[in-house]
$ cat protein-v8.cif   # mmCIF, C-alpha atoms and all ligand atoms
data_model
loop_
_atom_site.label_atom_id
_atom_site.label_comp_id
_atom_site.auth_asym_id
_atom_site.auth_seq_id
_atom_site.Cartn_x
_atom_site.Cartn_y
_atom_site.Cartn_z
CA MET A 14 71.56 155.07 74.07
CA LYS A 15 68.24 153.61 72.84
CA LYS A 16 70.17 151.38 70.41
CA THR A 17 72.46 150.12 73.18
CA PHE A 18 69.47 149.35 75.38
CA LEU A 19 67.75 147.43 72.57
CA LEU A 20 70.92 145.48 71.85
CA LEU A 21 71.28 144.62 75.52
CA MET A 22 67.65 143.49 75.71
CA THR A 23 68.07 141.31 72.61
CA MET A 24 71.24 139.72 73.96
CA THR A 25 69.62 139.04 77.32
CA THR A 26 66.58 137.49 75.66
CA LEU A 27 68.79 135.31 73.45
CA LEU A 28 70.84 134.15 76.43
CA MET A 29 67.77 133.46 78.53
CA GLY A 30 66.17 131.55 75.67
CA ALA A 31 69.25 129.42 75.19
CA CYS A 32 69.84 128.79 78.83
CA THR A 33 66.64 128.07 80.61
CA GLN A 34 65.19 125.41 78.33
CA SER A 35 66.22 122.40 80.41
CA GLN A 36 64.96 123.69 83.74
CA GLU A 37 61.64 124.90 82.38
CA THR A 38 60.61 121.87 80.42
CA GLY A 39 62.43 118.91 81.94
CA LEU A 40 63.98 118.36 78.53
CA VAL A 41 67.63 117.64 77.88
CA LYS A 42 68.85 119.72 74.95
CA SER A 43 72.33 118.55 74.13
CA GLY A 44 74.83 121.08 72.86
CA GLU A 45 72.99 124.09 74.32
CA ILE A 46 74.11 126.26 77.23
CA TRP A 47 73.12 124.65 80.53
CA LEU A 48 72.69 126.77 83.63
CA ASP A 49 72.83 125.74 87.26
CA THR A 50 70.12 126.74 89.75
CA ASP A 51 71.95 130.05 90.35
CA SER A 52 71.77 130.78 86.59
CA ASN A 53 75.51 130.30 86.08
CA MET A 54 76.87 128.17 83.27
CA ILE A 55 77.62 124.65 84.43
CA ASN A 56 81.38 124.07 84.53
CA ALA A 57 81.89 120.30 84.94
CA HIS A 58 83.71 118.89 81.92
CA GLY A 59 85.05 115.37 81.34
CA GLY A 60 82.86 114.41 84.25
CA GLY A 61 80.80 111.64 85.71
CA ILE A 62 77.72 111.24 87.87
CA LEU A 63 77.47 109.38 91.17
CA TYR A 64 74.01 108.43 92.44
CA HIS A 65 73.97 108.28 96.23
CA GLU A 66 70.99 108.07 98.57
CA GLY A 67 68.48 109.71 96.24
CA THR A 68 70.73 112.44 94.85
CA TYR A 69 72.82 112.67 91.70
CA TYR A 70 76.29 114.23 92.10
CA TRP A 71 77.95 115.45 88.92
CA TYR A 72 81.73 115.90 89.25
CA GLY A 73 83.77 117.46 86.46
CA GLU A 74 86.70 119.58 85.41
CA TYR A 75 86.26 123.17 86.56
CA LYS A 76 87.86 124.88 83.57
CA GLY A 77 89.64 128.20 83.87
CA ASP A 78 88.12 130.99 81.80
CA SER A 79 90.92 131.58 79.33
CA THR A 80 92.14 129.03 76.84
CA TYR A 81 95.62 129.22 75.40
CA TRP A 82 97.74 127.15 73.08
CA ASN A 83 100.69 125.57 74.85
CA PRO A 84 103.67 126.19 72.53
CA LYS A 85 105.84 123.80 74.54
CA VAL A 86 103.99 120.92 72.92
CA PRO A 87 104.90 121.18 69.23
CA HIS A 88 103.53 117.87 67.88
CA TRP A 89 99.81 118.31 68.60
CA GLU A 90 97.28 121.05 69.22
CA CYS A 91 97.71 121.43 72.97
CA TYR A 92 95.00 123.94 73.83
CA ARG A 93 94.45 124.22 77.55
CA THR A 94 93.16 126.30 80.40
CA GLU A 95 94.52 126.78 83.86
CA ALA A 96 93.31 123.91 86.01
CA GLY A 97 90.50 125.02 88.32
CA GLY A 98 90.11 121.74 90.20
CA VAL A 99 87.04 119.51 90.39
CA SER A 100 83.52 120.92 90.66
CA CYS A 101 80.43 119.22 92.03
CA TYR A 102 76.75 119.84 91.21
CA SER A 103 73.83 118.02 92.81
CA SER A 104 70.37 117.23 91.50
CA LYS A 105 67.33 115.16 92.35
CA ASN A 106 66.04 115.01 88.78
CA LEU A 107 69.06 115.22 86.44
CA VAL A 108 67.77 118.58 85.17
CA ASP A 109 68.07 121.15 87.97
CA TRP A 110 71.71 121.27 89.07
CA LYS A 111 72.83 123.06 92.23
CA PHE A 112 76.48 124.14 92.36
CA GLU A 113 78.02 122.53 95.46
CA GLY A 114 81.39 124.20 94.93
CA VAL A 115 84.84 123.16 93.89
CA VAL A 116 85.35 120.04 95.99
CA LEU A 117 88.99 119.57 94.98
CA PRO A 118 90.42 123.05 94.38
CA ALA A 119 93.53 123.78 92.36
CA GLU A 120 96.60 124.85 94.33
CA GLN A 121 97.47 128.51 93.83
CA ASN A 122 100.94 128.73 95.40
CA ASP A 123 102.88 125.48 95.59
CA SER A 124 104.09 124.90 92.03
CA ALA A 125 105.40 121.45 93.02
CA SER A 126 101.86 120.24 93.80
CA ASP A 127 100.01 117.99 91.32
CA LEU A 128 97.06 120.30 91.85
CA HIS A 129 98.89 123.50 90.87
CA PHE A 130 96.81 125.48 88.39
CA SER A 131 99.58 125.22 85.77
CA ASN A 132 99.09 121.45 85.58
CA VAL A 133 96.37 119.33 83.98
CA LEU A 134 93.48 117.95 86.07
CA GLU A 135 91.06 115.96 83.94
CA ARG A 136 88.27 113.37 83.90
CA PRO A 137 87.52 113.13 87.64
CA LYS A 138 85.27 110.25 88.72
CA VAL A 139 83.90 109.50 92.20
CA ILE A 140 82.64 106.22 93.65
CA TYR A 141 81.44 105.37 97.13
CA ASN A 142 83.05 102.68 99.23
CA ASP A 143 80.36 100.94 101.30
CA VAL A 144 82.91 99.51 103.76
CA THR A 145 85.14 102.52 104.48
CA LYS A 146 82.18 104.91 103.95
CA LYS A 147 84.45 107.20 101.93
CA PHE A 148 83.76 108.93 98.66
CA VAL A 149 86.81 108.13 96.53
CA MET A 150 87.86 110.30 93.60
CA TRP A 151 90.35 109.35 90.92
CA LEU A 152 91.44 111.79 88.23
CA HIS A 153 93.99 112.23 85.50
CA VAL A 154 96.78 114.48 86.77
CA ASP A 155 99.40 115.65 84.38
CA SER A 156 102.11 118.21 83.80
CA HIS A 157 101.38 121.13 81.45
CA ASN A 158 102.72 119.11 78.48
CA TYR A 159 100.99 115.82 79.46
CA ALA A 160 104.37 114.12 80.11
CA LYS A 161 103.67 113.08 83.72
CA ALA A 162 100.75 110.80 82.70
CA ALA A 163 99.60 109.85 86.19
CA SER A 164 96.46 109.30 88.26
CA GLY A 165 95.58 111.17 91.44
CA VAL A 166 93.41 109.98 94.33
CA ALA A 167 91.35 112.02 96.80
CA VAL A 168 88.86 111.07 99.52
CA CYS A 169 86.04 112.65 101.46
CA ASP A 170 83.48 111.62 104.10
CA THR A 171 80.68 113.41 102.29
CA PRO A 172 79.89 113.79 98.57
CA THR A 173 80.11 117.57 98.57
CA GLY A 174 82.80 118.26 101.16
CA GLN A 175 86.37 119.23 100.46
CA PHE A 176 88.21 116.17 99.22
CA GLU A 177 91.58 115.38 100.77
CA TYR A 178 94.20 114.82 98.08
CA LEU A 179 96.29 111.70 98.78
CA GLY A 180 98.77 112.01 95.90
CA SER A 181 99.41 110.52 92.49
CA MET A 182 101.03 107.48 90.90
CA ARG A 183 101.60 105.75 87.62
CA PRO A 184 99.28 102.82 88.35
CA ASN A 185 100.84 99.41 87.78
CA GLY A 186 104.03 101.21 86.82
CA ALA A 187 102.62 102.44 83.51
CA MET A 188 101.45 105.77 82.06
CA ALA A 189 97.84 106.78 82.75
CA ARG A 190 95.90 109.55 81.01
CA ASP A 191 92.15 109.47 80.14
CA MET A 192 90.42 107.40 82.79
CA THR A 193 87.25 106.31 84.49
CA LEU A 194 86.16 104.20 87.46
CA PHE A 195 83.65 101.39 87.56
CA LYS A 196 82.13 99.91 90.73
CA ASP A 197 80.67 96.46 90.23
CA ASP A 198 77.66 94.97 92.03
CA ASP A 199 79.98 92.87 94.24
CA GLY A 200 81.67 96.04 95.55
CA LYS A 201 84.87 95.53 93.56
CA ALA A 202 86.04 98.63 91.74
CA TYR A 203 88.15 99.08 88.63
CA HIS A 204 90.28 101.88 87.25
CA ILE A 205 90.20 101.99 83.47
CA TYR A 206 92.84 104.17 81.78
CA SER A 207 94.68 104.89 78.54
CA SER A 208 98.27 103.78 78.97
CA GLU A 209 101.43 103.18 76.97
CA GLU A 210 101.23 106.61 75.26
CA ASN A 211 97.43 106.10 74.96
CA SER A 212 97.89 103.05 72.71
CA THR A 213 96.49 100.47 75.16
CA LEU A 214 93.58 100.56 77.60
CA TYR A 215 94.37 99.14 81.03
CA ILE A 216 91.72 97.72 83.34
CA SER A 217 93.02 97.58 86.87
CA LEU A 218 91.27 96.07 89.88
CA LEU A 219 91.56 98.42 92.85
CA THR A 220 92.28 97.43 96.45
CA ASP A 221 89.20 96.96 98.64
CA ASP A 222 89.49 100.56 99.92
CA TYR A 223 89.65 101.81 96.28
CA LEU A 224 92.77 103.84 97.04
CA ARG A 225 95.42 101.86 95.13
CA PRO A 226 95.80 99.37 92.28
CA SER A 227 95.54 95.80 93.59
CA GLY A 228 98.19 94.58 91.16
CA ARG A 229 95.70 92.62 88.99
CA PHE A 230 95.24 94.30 85.64
CA THR A 231 94.75 93.57 81.95
CA ARG A 232 96.04 95.30 78.79
CA ASN A 233 93.24 95.75 76.26
CA PHE A 234 93.01 96.74 72.59
CA PRO A 235 96.82 97.12 72.25
CA GLY A 236 97.76 99.57 69.52
CA ALA A 237 94.13 100.71 69.08
CA TYR A 238 94.56 104.11 70.82
CA ARG A 239 91.27 104.23 72.73
CA GLU A 240 90.54 107.18 75.02
CA ALA A 241 87.67 108.66 77.03
CA PRO A 242 86.49 105.34 78.49
CA ALA A 243 83.04 104.97 80.05
CA VAL A 244 82.09 101.62 81.59
CA PHE A 245 78.76 100.12 82.57
CA LYS A 246 77.07 96.76 83.11
CA HIS A 247 73.78 95.53 81.71
CA GLN A 248 72.23 92.13 82.40
CA GLY A 249 75.51 90.57 83.47
CA LYS A 250 77.56 91.89 80.52
CA TYR A 251 80.17 94.64 80.75
CA TYR A 252 80.48 97.44 78.22
CA ILE A 253 83.20 100.00 77.46
CA LEU A 254 82.37 103.03 75.37
CA SER A 255 85.41 104.97 74.15
CA SER A 256 86.72 107.42 71.58
CA GLY A 257 89.66 107.36 69.22
CA CYS A 258 92.68 109.52 69.93
CA THR A 259 92.45 112.88 68.15
CA GLY A 260 92.93 115.36 70.99
CA TRP A 261 90.00 117.76 71.36
CA ASP A 262 88.68 116.95 67.87
CA PRO A 263 85.79 114.50 67.53
CA ASN A 264 86.10 111.04 66.01
CA GLN A 265 84.04 107.88 65.82
CA ALA A 266 82.99 106.22 69.08
CA GLN A 267 83.28 102.50 69.59
CA TYR A 268 82.06 100.05 72.15
CA ALA A 269 83.24 96.66 73.30
CA MET A 270 81.66 94.05 75.54
CA ALA A 271 82.85 91.29 77.85
CA ASP A 272 81.58 88.70 80.32
CA SER A 273 83.88 90.01 83.04
CA MET A 274 85.89 93.16 83.64
CA LEU A 275 89.23 91.35 83.48
CA GLY A 276 88.09 89.03 80.70
CA GLU A 277 88.29 89.15 76.92
CA TRP A 278 86.71 92.21 75.30
CA LYS A 279 84.98 91.95 71.95
CA VAL A 280 84.84 95.11 69.81
CA MET A 281 81.28 95.71 68.63
CA GLY A 282 81.45 98.92 66.55
CA ASN A 283 80.01 102.42 66.62
CA PRO A 284 76.96 102.67 68.94
CA CYS A 285 75.86 106.10 67.70
CA SER A 286 73.09 106.68 65.16
CA GLY A 287 71.44 109.68 63.52
CA LYS A 288 72.82 113.09 62.63
CA ASP A 289 76.67 113.20 62.89
CA ALA A 290 76.83 109.69 64.36
CA ASP A 291 80.12 109.06 62.54
CA ILE A 292 81.83 111.71 64.69
CA THR A 293 79.93 111.06 67.94
CA PHE A 294 77.69 114.12 67.38
CA TYR A 295 80.87 116.24 67.65
CA GLY A 296 81.38 114.83 71.15
CA GLN A 297 83.63 112.53 73.15
CA SER A 298 82.44 110.01 75.74
CA THR A 299 82.92 110.64 79.43
CA HIS A 300 80.43 108.53 81.41
CA VAL A 301 77.42 106.24 81.19
CA LEU A 302 74.95 106.63 84.04
CA LYS A 303 72.58 103.83 84.99
CA VAL A 304 69.19 105.19 86.03
CA GLY A 305 66.79 102.87 87.83
CA GLU A 306 66.89 99.19 86.91
CA ASN A 307 67.34 99.26 83.17
CA SER A 308 67.86 102.76 81.78
CA TYR A 309 71.13 104.32 80.78
CA MET A 310 72.23 107.79 79.81
CA ALA A 311 75.41 108.31 77.78
CA MET A 312 77.33 111.49 78.55
CA PHE A 313 79.71 113.21 76.14
CA ASP A 314 81.68 116.46 76.00
CA ARG A 315 81.46 118.61 72.90
CA TRP A 316 84.82 120.32 73.26
CA ASN A 317 85.32 123.89 72.13
CA LYS A 318 89.09 123.63 71.86
CA THR A 319 89.87 127.34 71.52
CA ASP A 320 87.48 128.28 74.35
CA LEU A 321 87.38 125.19 76.55
CA ILE A 322 85.16 126.58 79.31
CA ASN A 323 82.52 127.04 76.61
CA SER A 324 82.48 123.36 75.75
CA ARG A 325 79.00 121.84 75.80
CA TYR A 326 77.46 118.65 77.15
CA ILE A 327 75.69 115.95 75.16
CA TRP A 328 73.50 113.58 77.14
CA LEU A 329 71.48 110.96 75.30
CA PRO A 330 69.55 107.82 76.23
CA LEU A 331 71.42 104.59 75.57
CA THR A 332 69.19 101.68 74.59
CA PHE A 333 69.63 97.98 73.90
CA LYS A 334 68.58 95.59 71.16
CA GLY A 335 69.69 92.26 72.56
CA ASP A 336 73.35 92.78 73.43
CA SER A 337 73.80 95.67 70.97
CA ILE A 338 73.62 99.26 72.09
CA ASP A 339 72.24 102.29 70.31
CA ILE A 340 72.79 105.94 71.18
CA ALA A 341 70.55 107.94 68.88
CA TRP A 342 70.79 111.69 68.41
CA GLN A 343 67.80 113.63 69.72
CA ASP A 344 67.51 117.42 69.70
CA ALA A 345 65.50 117.24 72.93
CA TRP A 346 64.31 114.41 75.14
CA SER A 347 62.67 114.07 78.52
CA VAL A 348 64.51 112.55 81.48
CA SER A 349 61.18 111.05 82.52
CA THR A 350 61.78 108.43 79.81
CA LEU A 351 64.63 107.00 81.94
CA LYS A 352 63.07 104.46 84.28
C1 LIG A 401 91.71 114.25 74.63
C2 LIG A 401 91.31 113.74 75.98
C3 LIG A 401 90.91 114.93 76.82
C4 LIG A 401 92.08 115.89 76.85
C5 LIG A 401 92.50 116.25 75.44
C6 LIG A 401 93.72 117.15 75.41
O1 LIG A 401 92.06 113.22 73.77
O2 LIG A 401 90.25 112.83 75.87
O3 LIG A 401 90.52 114.53 78.08
O4 LIG A 401 93.16 115.30 77.53
O5 LIG A 401 92.81 115.09 74.72
O6 LIG A 401 94.02 117.47 74.09
#
$ encode --input "protein-v8.cif" --output "structure tokens" --more "lines below"
Ligand code: GAL
Amino acid sequence: MKKTFLLLMTMTTLLMGACTQSQETGLVKSGEIWLDTDSNMINAHGGGILYHEGTYYWYGEYKGDSTYWNPKVPHWECYRTEAGGVSCYSSKNLVDWKFEGVVLPAEQNDSASDLHFSNVLERPKVIYNDVTKKFVMWLHVDSHNYAKAASGVAVCDTPTGQFEYLGSMRPNGAMARDMTLFKDDDGKAYHIYSSEENSTLYISLLTDDYLRPSGRFTRNFPGAYREAPAVFKHQGKYYILSSGCTGWDPNQAQYAMADSMLGEWKVMGNPCSGKDADITFYGQSTHVLKVGENSYMAMFDRWNKTDLINSRYIWLPLTFKGDSIDIAWQDAWSVSTLK
């Protein structure tokens, strides 16, 4: 009895120690367990952050709690969980995250729905349309074996309300898997996605309401198999951070830059430095958040492929030397350095 009590106490202490570091100190400790303000583990994978009227909204994949290997996909390690939909957390300081709920829930009954829990719902991103006043979400929707390769769209009047699912498509008539959105300063928005069996990255200008492809798109890095795109703009130049294509396993990141979204992209190399920089610190890119006028934070997922809900987050400052970017590993850093 005494032994059990001691064991319990030790486990609780260990868990508390691992979990509360961010909130207590304002430090970001990548790769550790992060808790929300209710002390639950944050479940927002493959996500992105929208800054809107003084609040950060973090949207991500709400992973189911059991991971299994999908035997119907023989040619690669298709570990997956039941799709839980898209979660949202809010924060004023990028450290204390309040769970706002599952804003796009998975469908429990209708197996024909894109959102059915047996399907794949990944890499949700949300942008705000200043004209329609709608929050617009795009996400990768797929069948259990990733054969559907499509993008879904959902809208909401508020950042934390229930999003209305509008349906899915193969944008510009081509496959779409890993994806992100980018809203430019002129209000134009782009959908960036891995297409043609992930071999080529498409950049597609959206219609003014952000709900459909406009028909203008470019095919980039053909044959290079880039995934996990994250796009941002710094001093008039555009940047794409991406990973190679090795499923849940880490590989070397790469970035490219261009003078315009639909222009020519120049491959620049690996932006990561420090411990395990050659394999992106065991992570995979998902988003780059601009903070203030000139600070950037690069966000990665450190996938735990046999227990996906227990994947961790890696957030690091992204800095510039001229046009070149550097994302250096840091065990702990303070968000107050982002200005
Ligand atoms: C990765 C992709 C993830 C997920 C995974 C499935 O390459 O970036 O979002 O789809 O494959 O194995």
$ atom_distance --input "protein-v8.cif" --atom1 "atom CA of A:Ile62" --atom2 "atom CA of A:Gly186"
28.2 Å
$ residues_around --input "protein-v8.cif" --residues "A:Phe230" --least-positions-apart "6" --cutoff "9 Å" --atoms "all atoms listed in the file" --output "PyMOL selection string"
chain A and resi 185+215-218+275
$ residues_around --input "protein-v8.cif" --residues "A:Phe148" --least-positions-apart "4" --cutoff "8 Å" --atoms "all atoms listed in the file" --output "list in words"
Val139, Ile140, Tyr141, Asn142, Val168, Cys169, Asp170, Thr171 and Pro172 of chain A
$ closest_atom_pairs --input "protein-v8.cif" --of "chain A" --to "ligand LIG 401 (chain A)" --cutoff "10 Å" --atoms "only C-alpha atoms and all ligand atoms" --output "Markdown table"
| residue | atom | partner | partner_atom | distance |
| --- | --- | --- | --- | --- |
| A:His58 | CA | A:LIG401 | O3 | 9.0 |
| A:Gly59 | CA | A:LIG401 | O3 | 6.4 |
| A:Gly60 | CA | A:LIG401 | O3 | 9.8 |
| A:Glu74 | CA | A:LIG401 | O3 | 9.7 |
| A:Trp89 | CA | A:LIG401 | O6 | 8.0 |
| A:Glu90 | CA | A:LIG401 | O6 | 6.9 |
| A:Cys91 | CA | A:LIG401 | O6 | 5.5 |
| A:Tyr92 | CA | A:LIG401 | O6 | 6.5 |
| A:Arg93 | CA | A:LIG401 | C6 | 7.4 |
| A:Val133 | CA | A:LIG401 | O4 | 8.3 |
| A:Leu134 | CA | A:LIG401 | O4 | 8.9 |
| A:Glu135 | CA | A:LIG401 | O3 | 6.1 |
| A:Arg136 | CA | A:LIG401 | O3 | 6.3 |
| A:His153 | CA | A:LIG401 | O3 | 8.5 |
| A:Val154 | CA | A:LIG401 | O4 | 10.0 |
| A:Asp155 | CA | A:LIG401 | O4 | 9.3 |
| A:Asn158 | CA | A:LIG401 | C6 | 9.7 |
| A:Tyr159 | CA | A:LIG401 | O4 | 8.1 |
| A:Arg190 | CA | A:LIG401 | O4 | 7.3 |
| A:Asp191 | CA | A:LIG401 | O3 | 5.7 |
| A:Met192 | CA | A:LIG401 | O3 | 8.5 |
| A:Ser207 | CA | A:LIG401 | O2 | 9.5 |
| A:Asn211 | CA | A:LIG401 | O1 | 9.0 |
| A:Tyr238 | CA | A:LIG401 | O1 | 9.9 |
| A:Arg239 | CA | A:LIG401 | O1 | 9.1 |
| A:Glu240 | CA | A:LIG401 | O2 | 5.7 |
| A:Ala241 | CA | A:LIG401 | O2 | 5.0 |
| A:Pro242 | CA | A:LIG401 | O2 | 8.8 |
| A:Ser255 | CA | A:LIG401 | O2 | 9.4 |
| A:Ser256 | CA | A:LIG401 | O2 | 7.8 |
| A:Gly257 | CA | A:LIG401 | O1 | 7.8 |
| A:Cys258 | CA | A:LIG401 | O1 | 5.4 |
| A:Thr259 | CA | A:LIG401 | O1 | 5.6 |
| A:Gly260 | CA | A:LIG401 | O1 | 3.6 |
| A:Trp261 | CA | A:LIG401 | O6 | 4.9 |
| A:Asp262 | CA | A:LIG401 | O1 | 7.8 |
| A:Pro263 | CA | A:LIG401 | O1 | 8.9 |
| A:Gln297 | CA | A:LIG401 | O2 | 7.2 |
| A:Ser298 | CA | A:LIG401 | O2 | 8.3 |
| A:Thr299 | CA | A:LIG401 | O2 | 8.4 |
| A:Asp314 | CA | A:LIG401 | O3 | 9.3 |
| A:Trp316 | CA | A:LIG401 | C3 | 8.9 |
| A:Lys318 | CA | A:LIG401 | O6 | 8.2 |
$ closest_residue --input "protein-v8.cif" --among "A:Val348, A:Thr80, A:Arg229, A:Asn106" --to "A:Gly276" --atoms "all atoms listed in the file"
A:Arg229
$ atom_distance --input "protein-v8.cif" --atom1 "atom CA of A:Gly282" --atom2 "atom CA of A:Arg325"
24.8 Å
$ atom_distance --input "protein-v8.cif" --atom1 "atom CA of A:Lys111" --atom2 "atom CA of A:Asp51"
7.3 Å
$ closest_residue --input "protein-v8.cif" --among "A:Val41, A:Leu152, A:Ile322, A:Ala341" --to "A:Ile55" --atoms "only C-alpha atoms"
A:Ile322
$ closest_residue --input "protein-v8.cif" --among "A:Phe234, A:Trp328, A:Phe130, A:Tyr268" --to "A:Leu302" --atoms "only C-alpha atoms"
A:Trp328
$ residues_around --input "protein-v8.cif" --residues "A:Tyr69" --least-positions-apart "5" --cutoff "7 Å" --atoms "all atoms listed in the file" --output "MDAnalysis selection string"
chainID A and resid 62:64 103:105 107
$ residues_around --input "protein-v8.cif" --residues "A:Met310" --least-positions-apart "5" --cutoff "9 Å" --atoms "all atoms listed in the file" --output "list in words"
His300, Val301, Leu302, Lys303, Val304, Trp328, Leu329, Pro330, Leu331, Thr332, Ile340 and Leu351 of chain A
$ closest_residue --input "protein-v8.cif" --among "A:Asn317, A:Ser308, A:Thr220, A:Gln248" --to "A:Gly335" --atoms "only C-alpha atoms"
A:Gln248
$ closest_residue --input "protein-v8.cif" --among "A:Ser79, A:Asn122, A:Asn53, A:Thr350" --to "A:Tyr309" --atoms "only C-alpha atoms"
A:Thr350
$ closest_residue --input "protein-v8.cif" --among "A:Leu224, A:Leu40, A:Ile253, A:Leu214" --to "A:Gly236" --atoms "only C-alpha atoms"
A:Leu214
$ residues_near_point --input "protein-v8.cif" --point "(75.5, 106.5, 65.9)" --cutoff "9 Å" --atoms "all atoms listed in the file" --output "list in words"
Gln265, Ala266, Asn283, Pro284, Cys285, Ser286, Gly287, Lys288, Asp289, Ala290, Asp291, Ile292, Thr293, Phe294, Asp339, Ile340, Ala341 and Trp342 of chain A
$ residues_near_point --input "protein-v8.cif" --point "(81.4, 97.4, 92.6)" --cutoff "10 Å" --atoms "all atoms listed in the file" --output "PDB file with C-alpha atoms, in the coordinates of the input"
ATOM      1  CA  ILE A 140      82.640 106.220  93.650  1.00  0.00           C
ATOM      2  CA  TYR A 141      81.440 105.370  97.130  1.00  0.00           C
ATOM      3  CA  ASN A 142      83.050 102.680  99.230  1.00  0.00           C
ATOM      4  CA  ASP A 143      80.360 100.940 101.300  1.00  0.00           C
ATOM      5  CA  LEU A 194      86.160 104.200  87.460  1.00  0.00           C
ATOM      6  CA  PHE A 195      83.650 101.390  87.560  1.00  0.00           C
ATOM      7  CA  LYS A 196      82.130  99.910  90.730  1.00  0.00           C
ATOM      8  CA  ASP A 197      80.670  96.460  90.230  1.00  0.00           C
ATOM      9  CA  ASP A 198      77.660  94.970  92.030  1.00  0.00           C
ATOM     10  CA  ASP A 199      79.980  92.870  94.240  1.00  0.00           C
ATOM     11  CA  GLY A 200      81.670  96.040  95.550  1.00  0.00           C
ATOM     12  CA  LYS A 201      84.870  95.530  93.560  1.00  0.00           C
ATOM     13  CA  ALA A 202      86.040  98.630  91.740  1.00  0.00           C
ATOM     14  CA  TYR A 203      88.150  99.080  88.630  1.00  0.00           C
ATOM     15  CA  ASP A 221      89.200  96.960  98.640  1.00  0.00           C
TER      16      ASP A 221
END
$ decode --input "protein-v8.cif" --residues "stretch 311-322 of chain A" --atoms "N, CA, C and O atoms" --output "CSV table (one decimal), in the first residue's frame"
chain,number,residue,atom,x,y,z
A,311,ALA,N,9.0,29.3,-35.8
A,311,ALA,CA,8.8,28.2,-36.7
A,311,ALA,C,8.2,27.1,-35.8
A,311,ALA,O,8.7,26.8,-34.7
A,312,MET,N,7.1,26.4,-36.3
A,312,MET,CA,6.4,25.4,-35.6
A,312,MET,C,6.6,24.0,-36.3
A,312,MET,O,6.4,24.0,-37.6
A,313,PHE,N,6.9,23.0,-35.6
A,313,PHE,CA,7.1,21.7,-36.1
A,313,PHE,C,6.3,20.7,-35.2
A,313,PHE,O,6.1,20.9,-34.1
A,314,ASP,N,6.1,19.5,-35.8
A,314,ASP,CA,5.5,18.4,-35.1
A,314,ASP,C,6.7,17.3,-34.9
A,314,ASP,O,7.3,17.0,-35.9
A,315,ARG,N,6.8,16.8,-33.7
A,315,ARG,CA,7.7,15.7,-33.5
A,315,ARG,C,6.8,14.5,-33.4
A,315,ARG,O,6.3,14.2,-32.3
A,316,TRP,N,6.6,13.8,-34.5
A,316,TRP,CA,5.6,12.7,-34.5
A,316,TRP,C,6.1,11.5,-33.7
A,316,TRP,O,7.2,11.1,-33.8
A,317,ASN,N,5.1,10.9,-33.0
A,317,ASN,CA,5.4,9.7,-32.3
A,317,ASN,C,4.5,8.7,-33.1
A,317,ASN,O,3.3,8.5,-32.8
A,318,LYS,N,5.1,8.0,-34.1
A,318,LYS,CA,4.2,7.3,-35.1
A,318,LYS,C,3.4,6.2,-34.5
A,318,LYS,O,2.4,5.9,-35.0
A,319,THR,N,3.9,5.5,-33.4
A,319,THR,CA,3.1,4.4,-32.9
A,319,THR,C,2.2,4.8,-31.8
A,319,THR,O,1.5,4.0,-31.2
A,320,ASP,N,2.2,6.1,-31.5
A,320,ASP,CA,1.3,6.7,-30.4
A,320,ASP,C,1.1,8.2,-30.8
A,320,ASP,O,1.6,9.1,-30.1
A,321,LEU,N,0.3,8.4,-31.8
A,321,LEU,CA,0.3,9.7,-32.5
A,321,LEU,C,-0.2,10.8,-31.6
A,321,LEU,O,0.3,12.0,-31.7
A,322,ILE,N,-1.1,10.5,-30.7
A,322,ILE,CA,-1.6,11.6,-29.8
A,322,ILE,C,-0.5,12.1,-28.9
A,322,ILE,O,-0.6,13.2,-28.4
